[in-house]
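Undergrad: Below is run13.cif; it holds mmCIF, C-alpha atoms (C1' of nucleotides).
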```
data_entry
#
loop_
_atom_site.label_atom_id
_atom_site.label_comp_id
_atom_site.auth_asym_id
_atom_site.auth_seq_id
_atom_site.Cartn_x
_atom_site.Cartn_y
_atom_site.Cartn_z
CA MET T 2 6.34 4.14 -17.41
CA GLY T 3 8.31 2.00 -19.82
CA ARG T 4 6.21 -0.19 -22.07
CA TRP T 5 6.71 -1.39 -25.64
CA GLU T 6 3.60 -3.33 -26.61
CA PRO T 7 0.92 -1.34 -24.86
CA ASP T 8 -2.19 -3.54 -24.79
CA THR T 9 -0.89 -6.82 -23.47
CA ARG T 10 -4.03 -7.36 -21.45
CA ARG T 11 -6.32 -6.99 -24.41
CA ARG T 12 -4.12 -9.21 -26.56
CA LEU T 13 -4.20 -11.89 -23.91
CA ALA T 14 -7.97 -11.71 -23.63
CA GLN T 15 -8.39 -11.89 -27.38
CA ALA T 16 -5.97 -14.79 -27.76
CA ALA T 17 -7.78 -16.61 -24.97
CA LEU T 18 -11.19 -16.22 -26.57
CA GLU T 19 -9.86 -17.34 -29.95
CA LEU T 20 -8.26 -20.45 -28.51
CA PHE T 21 -11.28 -21.29 -26.39
CA ILE T 22 -13.46 -21.15 -29.48
CA GLU T 23 -11.01 -23.19 -31.57
CA GLN T 24 -10.08 -25.89 -29.05
CA GLY T 25 -12.40 -25.49 -26.12
CA TYR T 26 -11.66 -24.01 -22.73
CA GLU T 27 -10.21 -27.06 -21.03
CA ALA T 28 -8.02 -28.07 -23.92
CA THR T 29 -6.35 -24.67 -23.94
CA THR T 30 -3.45 -24.06 -21.59
CA VAL T 31 -2.41 -20.73 -20.19
CA ASN T 32 0.94 -21.14 -21.88
CA GLN T 33 -0.78 -21.39 -25.25
CA ILE T 34 -2.73 -18.21 -24.58
CA ALA T 35 0.38 -16.31 -23.58
CA GLU T 36 2.27 -17.65 -26.57
CA ARG T 37 -0.39 -16.57 -29.05
CA ALA T 38 -0.68 -13.15 -27.46
CA GLY T 39 2.74 -12.32 -28.82
CA GLY T 40 5.27 -14.78 -27.48
CA LEU T 41 4.49 -14.11 -23.85
CA THR T 42 4.75 -16.55 -20.96
CA LYS T 43 2.50 -17.97 -18.29
CA THR T 44 3.86 -15.62 -15.65
CA THR T 45 2.84 -12.56 -17.62
CA PHE T 46 -0.65 -13.93 -18.04
CA PHE T 47 -1.06 -14.28 -14.30
CA ARG T 48 0.23 -10.77 -13.79
CA HIS T 49 -2.76 -9.52 -15.77
CA PHE T 50 -5.46 -11.94 -14.64
CA PRO T 51 -5.89 -13.64 -11.28
CA ASP T 52 -6.81 -16.96 -12.92
CA LYS T 53 -7.60 -18.59 -16.22
CA ARG T 54 -11.36 -18.09 -15.91
CA GLU T 55 -11.18 -14.39 -15.26
CA VAL T 56 -9.71 -13.59 -18.66
CA LEU T 57 -13.21 -14.06 -20.08
CA PHE T 58 -14.92 -11.85 -17.56
CA ALA T 59 -12.44 -9.06 -17.03
CA ALA T 60 -13.12 -7.69 -20.51
CA GLY T 61 -15.05 -4.77 -19.09
CA GLU T 62 -17.05 -6.87 -16.69
CA GLN T 63 -15.25 -5.63 -13.60
CA ALA T 64 -16.89 -2.25 -13.82
CA HIS T 65 -20.49 -3.47 -13.88
CA GLY T 66 -20.84 -3.28 -10.13
CA ARG T 67 -19.72 0.32 -10.16
CA ILE T 68 -22.03 1.22 -13.01
CA VAL T 69 -25.19 0.00 -11.30
CA ALA T 70 -24.13 1.38 -7.93
CA ASP T 71 -23.50 4.82 -9.38
CA ALA T 72 -26.76 4.84 -11.29
CA ILE T 73 -28.73 3.87 -8.22
CA ALA T 74 -26.99 6.50 -6.13
CA ALA T 75 -27.74 9.08 -8.77
CA ALA T 76 -31.45 8.29 -8.99
CA PRO T 77 -33.75 11.11 -7.86
CA ASP T 78 -34.70 11.22 -4.20
CA GLY T 79 -38.32 10.33 -4.78
CA ALA T 80 -37.54 7.28 -6.91
CA THR T 81 -38.99 3.96 -5.80
CA PRO T 82 -36.61 0.98 -5.47
CA LEU T 83 -37.71 -0.40 -8.82
CA GLN T 84 -37.29 2.96 -10.48
CA ALA T 85 -33.73 3.13 -9.17
CA VAL T 86 -33.13 -0.40 -10.43
CA ALA T 87 -34.53 0.57 -13.82
CA ALA T 88 -32.03 3.42 -13.99
CA ALA T 89 -29.22 1.02 -13.11
CA LEU T 90 -30.22 -1.39 -15.85
CA ASP T 91 -30.40 1.44 -18.37
CA ALA T 92 -26.86 2.44 -17.50
CA LEU T 93 -25.59 -1.12 -17.59
CA ALA T 94 -27.32 -2.06 -20.82
CA ALA T 95 -25.92 1.05 -22.47
CA VAL T 96 -22.48 -0.52 -22.23
CA PHE T 97 -23.48 -3.31 -24.60
CA THR T 98 -23.61 -1.56 -27.92
CA GLU T 99 -24.45 -3.25 -31.18
CA GLU T 100 -20.76 -3.71 -32.05
CA ARG T 101 -20.30 -5.78 -28.91
CA ARG T 102 -23.16 -8.09 -29.74
CA GLU T 103 -21.21 -10.58 -31.81
CA PHE T 104 -18.43 -10.65 -29.26
CA SER T 105 -20.88 -11.16 -26.41
CA ALA T 106 -22.53 -14.03 -28.20
CA ARG T 107 -19.25 -15.84 -28.71
CA LEU T 108 -18.25 -15.21 -25.12
CA ARG T 109 -21.55 -16.57 -23.91
CA ALA T 110 -21.21 -19.72 -26.00
CA VAL T 111 -17.83 -20.47 -24.49
CA ILE T 112 -19.10 -19.89 -20.96
CA LEU T 113 -22.15 -22.09 -21.45
CA GLY T 114 -19.88 -24.92 -22.56
CA ASN T 115 -17.82 -25.24 -19.41
CA SER T 116 -18.86 -25.79 -15.82
CA GLU T 117 -15.95 -23.87 -14.30
CA LEU T 118 -16.98 -20.86 -16.32
CA LEU T 119 -20.64 -21.28 -15.42
CA GLU T 120 -19.60 -21.25 -11.81
CA ARG T 121 -17.68 -18.03 -12.24
CA ALA T 122 -20.65 -16.56 -14.10
CA ALA T 123 -22.95 -17.44 -11.22
CA LEU T 124 -20.62 -15.59 -8.87
CA LYS T 125 -20.53 -12.53 -11.11
CA ARG T 126 -24.27 -12.53 -11.28
CA ALA T 127 -24.57 -12.73 -7.51
CA ALA T 128 -22.04 -9.93 -7.16
CA LEU T 129 -24.06 -7.73 -9.50
CA ALA T 130 -27.20 -8.33 -7.47
CA GLU T 131 -25.32 -7.61 -4.29
CA ALA T 132 -23.98 -4.35 -5.70
CA MET T 133 -27.50 -3.24 -6.52
CA ALA T 134 -28.83 -4.26 -3.13
CA ASP T 135 -26.01 -2.41 -1.38
CA ALA T 136 -26.68 0.75 -3.33
CA LEU T 137 -30.37 0.53 -2.52
CA ARG T 138 -29.67 0.11 1.18
CA LYS T 139 -27.63 3.28 1.07
CA ARG T 140 -30.83 4.97 -0.07
CA ASP T 141 -32.49 3.64 3.09
CA VAL T 142 -34.42 0.97 1.29
CA PRO T 143 -35.12 -1.78 3.86
CA ASP T 144 -33.03 -4.95 3.59
CA LEU T 145 -35.59 -7.31 2.14
CA ALA T 146 -36.93 -4.75 -0.31
CA ALA T 147 -33.39 -3.97 -1.45
CA SER T 148 -32.46 -7.61 -1.97
CA LEU T 149 -35.72 -8.34 -3.71
CA SER T 150 -35.48 -5.38 -6.06
CA ALA T 151 -31.92 -6.32 -6.87
CA ASP T 152 -32.93 -9.92 -7.61
CA LEU T 153 -35.66 -8.66 -9.86
CA GLY T 154 -33.34 -6.34 -11.69
CA THR T 155 -30.72 -9.02 -12.12
CA ARG T 156 -33.30 -11.42 -13.47
CA ALA T 157 -34.52 -8.79 -15.90
CA PHE T 158 -31.04 -7.98 -17.10
CA TYR T 159 -29.89 -11.52 -17.74
CA THR T 160 -33.17 -12.56 -19.33
CA ALA T 161 -32.81 -9.66 -21.72
CA TYR T 162 -29.10 -10.27 -22.20
CA ASP T 163 -29.66 -13.87 -23.18
CA GLN T 164 -32.16 -12.83 -25.82
CA TRP T 165 -29.93 -10.05 -27.05
CA ALA T 166 -26.87 -12.28 -27.46
CA ASP T 167 -28.77 -15.28 -28.70
CA THR T 168 -31.09 -14.14 -31.46
CA ASP T 169 -30.94 -12.42 -34.81
CA ASN T 170 -33.22 -9.80 -33.36
CA HIS T 171 -31.09 -6.69 -33.33
CA GLU T 172 -33.18 -4.79 -30.81
CA ALA T 173 -30.96 -2.75 -28.50
CA LEU T 174 -30.27 -4.29 -25.12
CA VAL T 175 -31.54 -1.16 -23.39
CA ASP T 176 -34.96 -1.62 -24.94
CA LEU T 177 -35.02 -5.35 -24.25
CA THR T 178 -34.08 -4.76 -20.64
CA ARG T 179 -36.75 -2.12 -20.09
CA ARG T 180 -39.44 -4.29 -21.61
CA THR T 181 -38.35 -7.31 -19.59
CA LEU T 182 -38.41 -5.33 -16.38
CA ASP T 183 -41.90 -4.11 -17.16
CA GLU T 184 -43.05 -7.64 -17.88
CA LEU T 185 -41.54 -8.84 -14.64
CA ARG T 186 -43.30 -6.09 -12.73
CA ALA T 187 -46.58 -7.09 -14.33
CA THR T 188 -45.91 -10.71 -13.50
CA LEU T 189 -45.52 -9.89 -9.82
CA THR T 190 -49.26 -9.59 -9.39
CA THR T 191 -49.88 -13.07 -10.79
CA LEU T 192 -47.77 -15.10 -8.41
CA GLY T 193 -50.44 -15.56 -5.74
CA MET F 7 -19.99 -55.89 -2.75
CA GLY F 8 -16.83 -56.21 -0.72
CA ARG F 9 -16.18 -53.35 1.68
CA TRP F 10 -14.48 -53.24 5.08
CA GLU F 11 -14.86 -49.71 6.36
CA PRO F 12 -18.31 -48.86 5.14
CA ASP F 13 -18.65 -45.07 5.36
CA THR F 14 -15.52 -43.80 3.68
CA ARG F 15 -17.40 -40.95 2.14
CA ARG F 16 -18.70 -39.66 5.46
CA ARG F 17 -15.31 -40.05 7.08
CA LEU F 18 -13.70 -38.05 4.30
CA ALA F 19 -16.27 -35.29 4.63
CA GLN F 20 -15.85 -35.14 8.38
CA ALA F 21 -12.06 -35.12 8.21
CA ALA F 22 -12.24 -32.36 5.63
CA LEU F 23 -14.47 -30.15 7.73
CA GLU F 24 -12.28 -30.67 10.79
CA LEU F 25 -9.11 -29.77 8.94
CA PHE F 26 -10.69 -26.78 7.23
CA ILE F 27 -11.72 -25.44 10.63
CA GLU F 28 -8.32 -26.12 12.17
CA GLN F 29 -6.06 -24.91 9.38
CA GLY F 30 -8.26 -23.16 6.87
CA TYR F 31 -9.41 -24.44 3.50
CA GLU F 32 -6.42 -23.44 1.41
CA ALA F 33 -3.84 -24.66 3.88
CA THR F 34 -5.38 -28.14 3.85
CA THR F 35 -4.34 -30.57 1.14
CA VAL F 36 -6.42 -33.40 -0.18
CA ASN F 37 -3.72 -35.81 0.98
CA GLN F 38 -4.15 -34.59 4.54
CA ILE F 39 -7.90 -35.11 4.36
CA ALA F 40 -7.52 -38.63 3.04
CA GLU F 41 -4.86 -39.42 5.62
CA ARG F 42 -7.01 -38.28 8.54
CA ALA F 43 -10.02 -40.16 7.22
CA GLY F 44 -8.28 -43.39 8.11
CA GLY F 45 -4.99 -43.62 6.24
CA LEU F 46 -6.53 -43.20 2.81
CA THR F 47 -4.94 -41.59 -0.22
CA LYS F 48 -5.67 -38.75 -2.61
CA THR F 49 -6.95 -41.11 -5.27
CA THR F 50 -9.63 -42.48 -3.00
CA PHE F 51 -10.76 -38.97 -2.13
CA PHE F 52 -11.30 -38.16 -5.79
CA ARG F 53 -13.21 -41.39 -6.27
CA HIS F 54 -15.77 -40.08 -3.80
CA PHE F 55 -15.83 -36.38 -4.65
CA PRO F 56 -15.29 -34.69 -7.98
CA ASP F 57 -13.14 -31.97 -6.44
CA LYS F 58 -11.91 -30.55 -3.16
CA ARG F 59 -14.73 -28.00 -2.87
CA GLU F 60 -17.51 -30.50 -3.31
CA VAL F 61 -16.69 -32.37 -0.12
CA LEU F 62 -18.33 -29.53 1.79
CA PHE F 63 -21.48 -29.48 -0.28
CA ALA F 64 -22.11 -33.12 -1.01
CA ALA F 65 -23.06 -33.72 2.62
CA GLY F 66 -26.70 -34.03 1.73
CA GLU F 67 -26.74 -30.97 -0.48
CA GLN F 68 -27.00 -32.92 -3.71
CA ALA F 69 -30.57 -33.91 -3.00
CA HIS F 70 -31.92 -30.40 -2.46
CA GLY F 71 -32.84 -29.98 -6.08
CA ARG F 72 -34.87 -33.17 -5.97
CA ILE F 73 -36.59 -32.19 -2.75
CA VAL F 74 -37.90 -28.90 -4.04
CA ALA F 75 -38.79 -30.35 -7.43
CA ASP F 76 -40.79 -33.16 -5.86
CA ALA F 77 -42.58 -30.84 -3.48
CA ILE F 78 -43.57 -28.48 -6.27
CA ALA F 79 -44.75 -31.36 -8.42
CA ALA F 80 -46.80 -32.66 -5.50
CA ALA F 81 -48.52 -29.34 -4.79
CA PRO F 82 -52.30 -29.35 -5.35
CA ASP F 83 -53.53 -28.43 -8.81
CA GLY F 84 -55.06 -25.16 -7.74
CA ALA F 85 -51.93 -23.94 -5.97
CA THR F 86 -50.49 -20.60 -7.08
CA PRO F 87 -46.79 -20.45 -7.98
CA LEU F 88 -45.91 -18.95 -4.62
CA GLN F 89 -47.95 -21.58 -2.81
CA ALA F 90 -46.01 -24.28 -4.61
CA VAL F 91 -42.76 -22.55 -3.72
CA ALA F 92 -43.87 -22.35 -0.11
CA ALA F 93 -44.43 -26.10 -0.11
CA ALA F 94 -40.97 -26.62 -1.57
CA LEU F 95 -39.36 -24.49 1.11
CA ASP F 96 -41.23 -26.35 3.81
CA ALA F 97 -39.88 -29.64 2.49
CA LEU F 98 -36.36 -28.31 2.15
CA ALA F 99 -36.26 -26.62 5.53
CA ALA F 100 -37.48 -29.80 7.17
CA VAL F 101 -34.15 -31.39 6.29
CA PHE F 102 -32.32 -29.00 8.58
CA THR F 103 -33.22 -30.27 11.99
CA GLU F 104 -31.97 -28.77 15.21
CA GLU F 105 -29.16 -31.33 15.47
CA ARG F 106 -27.78 -30.13 12.17
CA ARG F 107 -27.71 -26.52 13.25
CA GLU F 108 -24.27 -26.52 14.83
CA PHE F 109 -22.85 -28.41 11.88
CA SER F 110 -24.45 -26.04 9.42
CA ALA F 111 -23.03 -23.03 11.24
CA ARG F 112 -19.51 -24.41 11.10
CA LEU F 113 -19.90 -25.29 7.46
CA ARG F 114 -21.14 -21.84 6.67
CA ALA F 115 -18.22 -20.22 8.47
CA VAL F 116 -15.73 -22.19 6.41
CA ILE F 117 -17.51 -21.34 3.17
CA LEU F 118 -17.69 -17.64 3.96
CA GLY F 119 -13.95 -17.61 4.54
CA ASN F 120 -12.86 -18.74 1.09
CA SER F 121 -13.65 -17.33 -2.32
CA GLU F 122 -13.49 -20.64 -4.14
CA LEU F 123 -16.13 -21.96 -1.80
CA LEU F 124 -18.26 -18.85 -2.14
CA GLU F 125 -18.16 -19.39 -5.86
CA ARG F 126 -19.33 -22.96 -5.51
CA ALA F 127 -22.05 -21.81 -3.13
CA ALA F 128 -23.27 -19.29 -5.68
CA LEU F 129 -23.56 -22.08 -8.21
CA LYS F 130 -25.48 -24.30 -5.80
CA ARG F 131 -27.84 -21.48 -5.08
CA ALA F 132 -28.43 -20.84 -8.76
CA ALA F 133 -29.01 -24.55 -9.28
CA LEU F 134 -31.61 -24.61 -6.53
CA ALA F 135 -33.46 -21.69 -8.08
CA GLU F 136 -33.28 -23.36 -11.46
CA ALA F 137 -34.70 -26.59 -10.04
CA MET F 138 -37.66 -24.70 -8.62
CA ALA F 139 -38.22 -22.78 -11.84
CA ASP F 140 -38.12 -26.00 -13.86
CA ALA F 141 -40.63 -27.68 -11.61
CA LEU F 142 -42.92 -24.68 -11.86
CA ARG F 143 -42.73 -24.65 -15.64
CA LYS F 144 -43.81 -28.26 -15.63
CA ARG F 145 -46.96 -27.02 -13.89
CA ASP F 146 -47.49 -24.68 -16.85
CA VAL F 147 -46.42 -21.61 -14.97
CA PRO F 148 -45.16 -19.12 -17.58
CA ASP F 149 -41.41 -18.66 -17.87
CA LEU F 150 -41.02 -15.30 -16.22
CA ALA F 151 -43.43 -16.13 -13.43
CA ALA F 152 -41.60 -19.39 -12.78
CA SER F 153 -38.17 -17.77 -12.66
CA LEU F 154 -39.42 -14.97 -10.49
CA SER F 155 -41.16 -17.22 -8.02
CA ALA F 156 -38.06 -19.37 -7.82
CA ASP F 157 -35.85 -16.32 -7.20
CA LEU F 158 -38.20 -15.23 -4.48
CA GLY F 159 -38.21 -18.64 -2.85
CA THR F 160 -34.45 -18.91 -3.03
CA ARG F 161 -34.05 -15.48 -1.48
CA ALA F 162 -36.45 -16.45 1.30
CA PHE F 163 -34.68 -19.70 2.01
CA TYR F 164 -31.17 -18.33 2.20
CA THR F 165 -32.21 -15.28 4.21
CA ALA F 166 -33.83 -17.60 6.72
CA TYR F 167 -30.94 -20.06 6.58
CA ASP F 168 -28.42 -17.36 7.37
CA GLN F 169 -30.40 -16.33 10.44
CA TRP F 170 -30.89 -19.91 11.50
CA ALA F 171 -27.22 -20.82 11.29
CA ASP F 172 -25.94 -17.52 12.61
CA THR F 173 -27.88 -16.69 15.75
CA ASP F 174 -28.57 -18.17 19.13
CA ASN F 175 -32.22 -18.01 18.23
CA HIS F 176 -33.24 -21.66 18.11
CA GLU F 177 -36.36 -21.12 16.08
CA ALA F 178 -36.87 -23.96 13.61
CA LEU F 179 -35.78 -23.24 10.06
CA VAL F 180 -39.22 -24.19 8.77
CA ASP F 181 -40.79 -21.40 10.77
CA LEU F 182 -38.11 -18.90 9.85
CA THR F 183 -38.52 -19.73 6.19
CA ARG F 184 -42.27 -19.37 6.24
CA ARG F 185 -42.10 -16.04 7.98
CA THR F 186 -39.44 -14.75 5.63
CA LEU F 187 -41.46 -15.77 2.60
CA ASP F 188 -44.49 -13.97 4.00
CA GLU F 189 -42.43 -10.86 4.61
CA LEU F 190 -41.05 -11.00 1.11
CA ARG F 191 -44.54 -11.30 -0.30
CA ALA F 192 -45.63 -8.29 1.72
CA THR F 193 -42.58 -6.38 0.53
CA LEU F 194 -43.51 -6.95 -3.09
CA THR F 195 -46.19 -4.30 -2.94
CA THR F 196 -43.73 -1.67 -1.70
CA LEU F 197 -41.22 -1.76 -4.52
CA GLY F 198 -42.97 0.76 -6.77
"C1'" DG A 27 -9.89 -73.21 -1.91
"C1'" DA A 28 -10.24 -70.74 -6.44
"C1'" DA A 29 -12.26 -67.26 -9.11
"C1'" DG A 30 -14.40 -62.91 -9.19
"C1'" DT A 31 -15.62 -58.21 -7.72
"C1'" DG A 32 -15.21 -53.75 -5.80
"C1'" DA A 33 -12.64 -50.60 -3.23
"C1'" DT A 34 -8.21 -49.01 -2.48
"C1'" DG A 35 -3.07 -48.04 -3.30
"C1'" DT A 36 0.94 -46.66 -6.38
"C1'" DG A 37 3.43 -44.04 -9.44
"C1'" DA A 38 3.62 -40.98 -13.01
"C1'" DC A 39 1.85 -37.27 -15.32
"C1'" DT A 40 -0.45 -32.48 -16.72
"C1'" DC A 41 -1.67 -28.09 -15.63
"C1'" DG A 42 -3.04 -24.06 -12.77
"C1'" DG A 43 -1.06 -20.94 -9.82
"C1'" DT A 44 2.88 -18.74 -6.88
"C1'" DA A 45 7.32 -16.88 -5.85
"C1'" DA A 46 12.28 -15.26 -6.18
"C1'" DC A 47 15.39 -13.54 -9.02
"C1'" DA A 48 17.31 -11.99 -13.44
"C1'" DT A 49 16.70 -9.19 -17.54
"C1'" DC A 50 15.37 -5.94 -20.81
"C1'" DA A 51 13.17 -1.78 -22.83
"C1'" DC A 52 12.43 2.72 -22.12
"C1'" DC A 53 12.61 7.19 -19.77
"C1'" DA A 54 14.57 11.03 -17.32
"C1'" DC A 55 18.20 13.40 -15.73
"C1'" DC A 56 22.60 14.93 -15.63
"C1'" DG E 28 25.21 10.75 -24.68
"C1'" DG E 29 25.96 7.93 -20.90
"C1'" DT E 30 23.82 6.57 -16.36
"C1'" DG E 31 20.50 5.12 -13.23
"C1'" DG E 32 15.86 4.10 -12.26
"C1'" DT E 33 11.43 1.89 -13.23
"C1'" DG E 34 8.08 -1.22 -14.86
"C1'" DA E 35 7.05 -5.06 -17.55
"C1'" DT E 36 8.66 -9.37 -18.83
"C1'" DG E 37 11.37 -13.90 -18.68
"C1'" DT E 38 13.41 -17.97 -16.01
"C1'" DT E 39 13.42 -21.36 -12.91
"C1'" DA E 40 11.70 -23.95 -9.43
"C1'" DC E 41 8.15 -25.28 -6.78
"C1'" DC E 42 3.33 -26.89 -4.75
"C1'" DG E 43 -1.08 -28.87 -5.03
"C1'" DA E 44 -5.37 -30.22 -7.65
"C1'" DG E 45 -6.93 -33.57 -10.59
"C1'" DT E 46 -6.33 -37.76 -13.97
"C1'" DC E 47 -4.98 -42.25 -15.40
"C1'" DA E 48 -3.20 -47.02 -15.87
"C1'" DC E 49 -2.07 -50.69 -13.36
"C1'" DA E 50 -1.36 -53.43 -9.18
"C1'" DT E 51 -3.27 -55.09 -4.85
"C1'" DC E 52 -6.11 -56.50 -1.26
"C1'" DA E 53 -10.43 -57.74 1.30
"C1'" DC E 54 -14.26 -60.18 0.96
"C1'" DT E 55 -17.83 -62.97 -1.32
"C1'" DT E 56 -19.48 -66.90 -3.77
"C1'" DC E 57 -19.41 -71.16 -5.70
#
```
Please render this file's structure as structure tokens.
TA:
Amino acid sequence: MGRWEPDTRRRLAQAALELFIEQGYEATTVNQIAERAGGLTKTTFFRHFPDKREVLFAAGEQAHGRIVADAIAAAPDGATPLQAVAAALDALAAVFTEERREFSARLRAVILGNSELLERAALKRAALAEAMADALRKRDVPDLAASLSADLGTRAFYTAYDQWADTDNHEALVDLTRRTLDELRATLTTLG
Amino acid sequence: MGRWEPDTRRRLAQAALELFIEQGYEATTVNQIAERAGGLTKTTFFRHFPDKREVLFAAGEQAHGRIVADAIAAAPDGATPLQAVAAALDALAAVFTEERREFSARLRAVILGNSELLERAALKRAALAEAMADALRKRDVPDLAASLSADLGTRAFYTAYDQWADTDNHEALVDLTRRTLDELRATLTTLG
DNA sequence: GAAGTGATGTGACTCGGTAACATCACCACC
DNA sequence: GGTGGTGATGTTACCGAGTCACATCACTTC
């Protein structure tokens, strides 16, 4: 497997984030990203990422569906749907260590500033929920209960994630997620 | 206000849907849409729709956020969050009359067949949930309870909508939505 | 009938994204 | 130590979405 600069993908992703922060997402062309990533070209960029948006999400984010699915599949037989979801969120939140916090915050700021990226983010979020719901159905959780638990878990995760990436509070995402899920569960009884 | 063919926008939307069904979304160019809509041009298309995707959603779909927000604002003071959401879904479902069913089914088929359109649909769905959550917060419903109720309502609506557009069952969407929301509420107690 | 207004057309441009083909670095094998 | 293969990259050309400045045309109003 011939290769002379091994982490082209990572260099592209890093160059992209830098340029998006400096100039904004729209003002940055794919050619500029490829150029900064070591004199590469547009074609190479598109060999590593399906489109310009994905370069911001592919940094690890492709595996999230697998992580939650595996965790739910691995939950003990007697676990309730929400207990399985809690296990999934633990596994997912564990990915976001303290070192990634700064990076995540910058990423989030870029995404929030562009509607194309918000759209992609909405899709990713829906895909995460769908992955959880699928995994729950494989445990014979009925359709509606599976979808609902997955929605709840997704809501808990992103609520916690936003706090984690947004504040100076350095509480671990795992703890934030668990607390948020508990609060959501408590809130369920107050909806009427 | 000079104008000689009054409903350009509707003609564009109709031409677009026709062509998407005949040739697929990707295989259809904006020029073709404009041409079929009465010898128009690309420029005119983009004066009516911000992008190619939106032509499928702007057919009424822009007002959905307003509909649910108004209904939630108009709910009686003593209404619980879920009662306000139920009122919102009633108002929204009322838009989809039996005559629109065939149209909605075709629209849905086109959207399900293209990832760009699925992405846009995910955004629209998130926007609907956000509109409900906002309206609930204005009624002093706490943040988490508002988001959760909105997620629940959104799940209920789209579950019902999928059945409504997909089956030969001609039950009104309003009834389907109400029943689905009730089932979801019952499911809440089973999640553990 | 002349001026004004709003919708449309024209032509040129940028950029995202795709594809075919050439090239280059490296590796293995002889 | 050449030689061929392989995988990543470069080149070139192309298409279509989306934007913009400017011209035009229908229709209204005075």
Undergrad: Pull out every residue of chain F sitting within 12 Å of chain T, counting all atoms listed in the file, and send them as a short mmCIF file (atom, residue, chain, number, x, y, z; two decimals) with C-alpha atoms, in the coordinates of the input.
TA:
```
data_model
loop_
_atom_site.label_atom_id
_atom_site.label_comp_id
_atom_site.auth_asym_id
_atom_site.auth_seq_id
_atom_site.Cartn_x
_atom_site.Cartn_y
_atom_site.Cartn_z
CA ASP F 57 -13.14 -31.97 -6.44
CA GLY F 84 -55.06 -25.16 -7.74
CA ALA F 85 -51.93 -23.94 -5.97
CA THR F 86 -50.49 -20.60 -7.08
CA PRO F 87 -46.79 -20.45 -7.98
CA LEU F 88 -45.91 -18.95 -4.62
CA GLN F 89 -47.95 -21.58 -2.81
CA ALA F 90 -46.01 -24.28 -4.61
CA VAL F 91 -42.76 -22.55 -3.72
CA ALA F 92 -43.87 -22.35 -0.11
CA SER F 121 -13.65 -17.33 -2.32
CA GLU F 122 -13.49 -20.64 -4.14
CA LEU F 123 -16.13 -21.96 -1.80
CA LEU F 124 -18.26 -18.85 -2.14
CA GLU F 125 -18.16 -19.39 -5.86
CA ARG F 126 -19.33 -22.96 -5.51
CA ALA F 127 -22.05 -21.81 -3.13
CA ALA F 128 -23.27 -19.29 -5.68
CA LEU F 129 -23.56 -22.08 -8.21
CA LYS F 130 -25.48 -24.30 -5.80
CA ARG F 131 -27.84 -21.48 -5.08
CA ALA F 132 -28.43 -20.84 -8.76
CA ALA F 133 -29.01 -24.55 -9.28
CA ALA F 135 -33.46 -21.69 -8.08
CA GLU F 136 -33.28 -23.36 -11.46
CA LEU F 142 -42.92 -24.68 -11.86
CA VAL F 147 -46.42 -21.61 -14.97
CA PRO F 148 -45.16 -19.12 -17.58
CA ASP F 149 -41.41 -18.66 -17.87
CA LEU F 150 -41.02 -15.30 -16.22
CA ALA F 151 -43.43 -16.13 -13.43
CA ALA F 152 -41.60 -19.39 -12.78
CA SER F 153 -38.17 -17.77 -12.66
CA LEU F 154 -39.42 -14.97 -10.49
CA SER F 155 -41.16 -17.22 -8.02
CA ALA F 156 -38.06 -19.37 -7.82
CA ASP F 157 -35.85 -16.32 -7.20
CA LEU F 158 -38.20 -15.23 -4.48
CA GLY F 159 -38.21 -18.64 -2.85
CA THR F 160 -34.45 -18.91 -3.03
CA ARG F 161 -34.05 -15.48 -1.48
CA ALA F 162 -36.45 -16.45 1.30
CA TYR F 164 -31.17 -18.33 2.20
CA THR F 165 -32.21 -15.28 4.21
CA ALA F 166 -33.83 -17.60 6.72
CA THR F 186 -39.44 -14.75 5.63
CA LEU F 187 -41.46 -15.77 2.60
CA ASP F 188 -44.49 -13.97 4.00
CA GLU F 189 -42.43 -10.86 4.61
CA LEU F 190 -41.05 -11.00 1.11
CA ARG F 191 -44.54 -11.30 -0.30
CA ALA F 192 -45.63 -8.29 1.72
CA THR F 193 -42.58 -6.38 0.53
CA LEU F 194 -43.51 -6.95 -3.09
CA THR F 195 -46.19 -4.30 -2.94
CA THR F 196 -43.73 -1.67 -1.70
CA LEU F 197 -41.22 -1.76 -4.52
CA GLY F 198 -42.97 0.76 -6.77
#
```
Undergrad: Out of T:Ala92, T:Ile68, T:Val56, T:Leu13, which residue has the shortest atom-to-atom distance to Val175 of chain T when counting all atoms listed in the file?
TA: T:Ala92
Undergrad: Just so the selection is clear, what residues does the PyMOL selection byres ((chain E) within 10 of (chain F)) cover here, as an NGL selection string?
TA: :E and (43-46 or 53-55)
Undergrad: For segment 48-52 of chain E, work out the shell of residues within 10 Å, counting all atoms listed in the file and skipping chain neighbours fewer than 3 positions away, then give it as a list in words.
TA: DA33, DT34, DG35, DT36, DG37 and DA38 of chain A
Undergrad: Would you tabulate, counting all atoms listed in the file, all residues of chain A that have an atom at most 8 Å from an atom of chain T, showing the closest pair of atoms and their distance in Å to one decimal, sorted by chain then ascending number, as a Markdown table?
TA:
```
| residue | atom | partner | partner_atom | distance |
| --- | --- | --- | --- | --- |
| A:DC41 | C1' | T:Thr30 | CA | 7.4 |
| A:DG42 | C1' | T:Lys53 | CA | 7.9 |
| A:DG43 | C1' | T:Asp52 | CA | 7.6 |
| A:DA51 | C1' | T:Gly3 | CA | 6.9 |
| A:DC52 | C1' | T:Gly3 | CA | 4.8 |
| A:DC53 | C1' | T:Gly3 | CA | 6.7 |
```
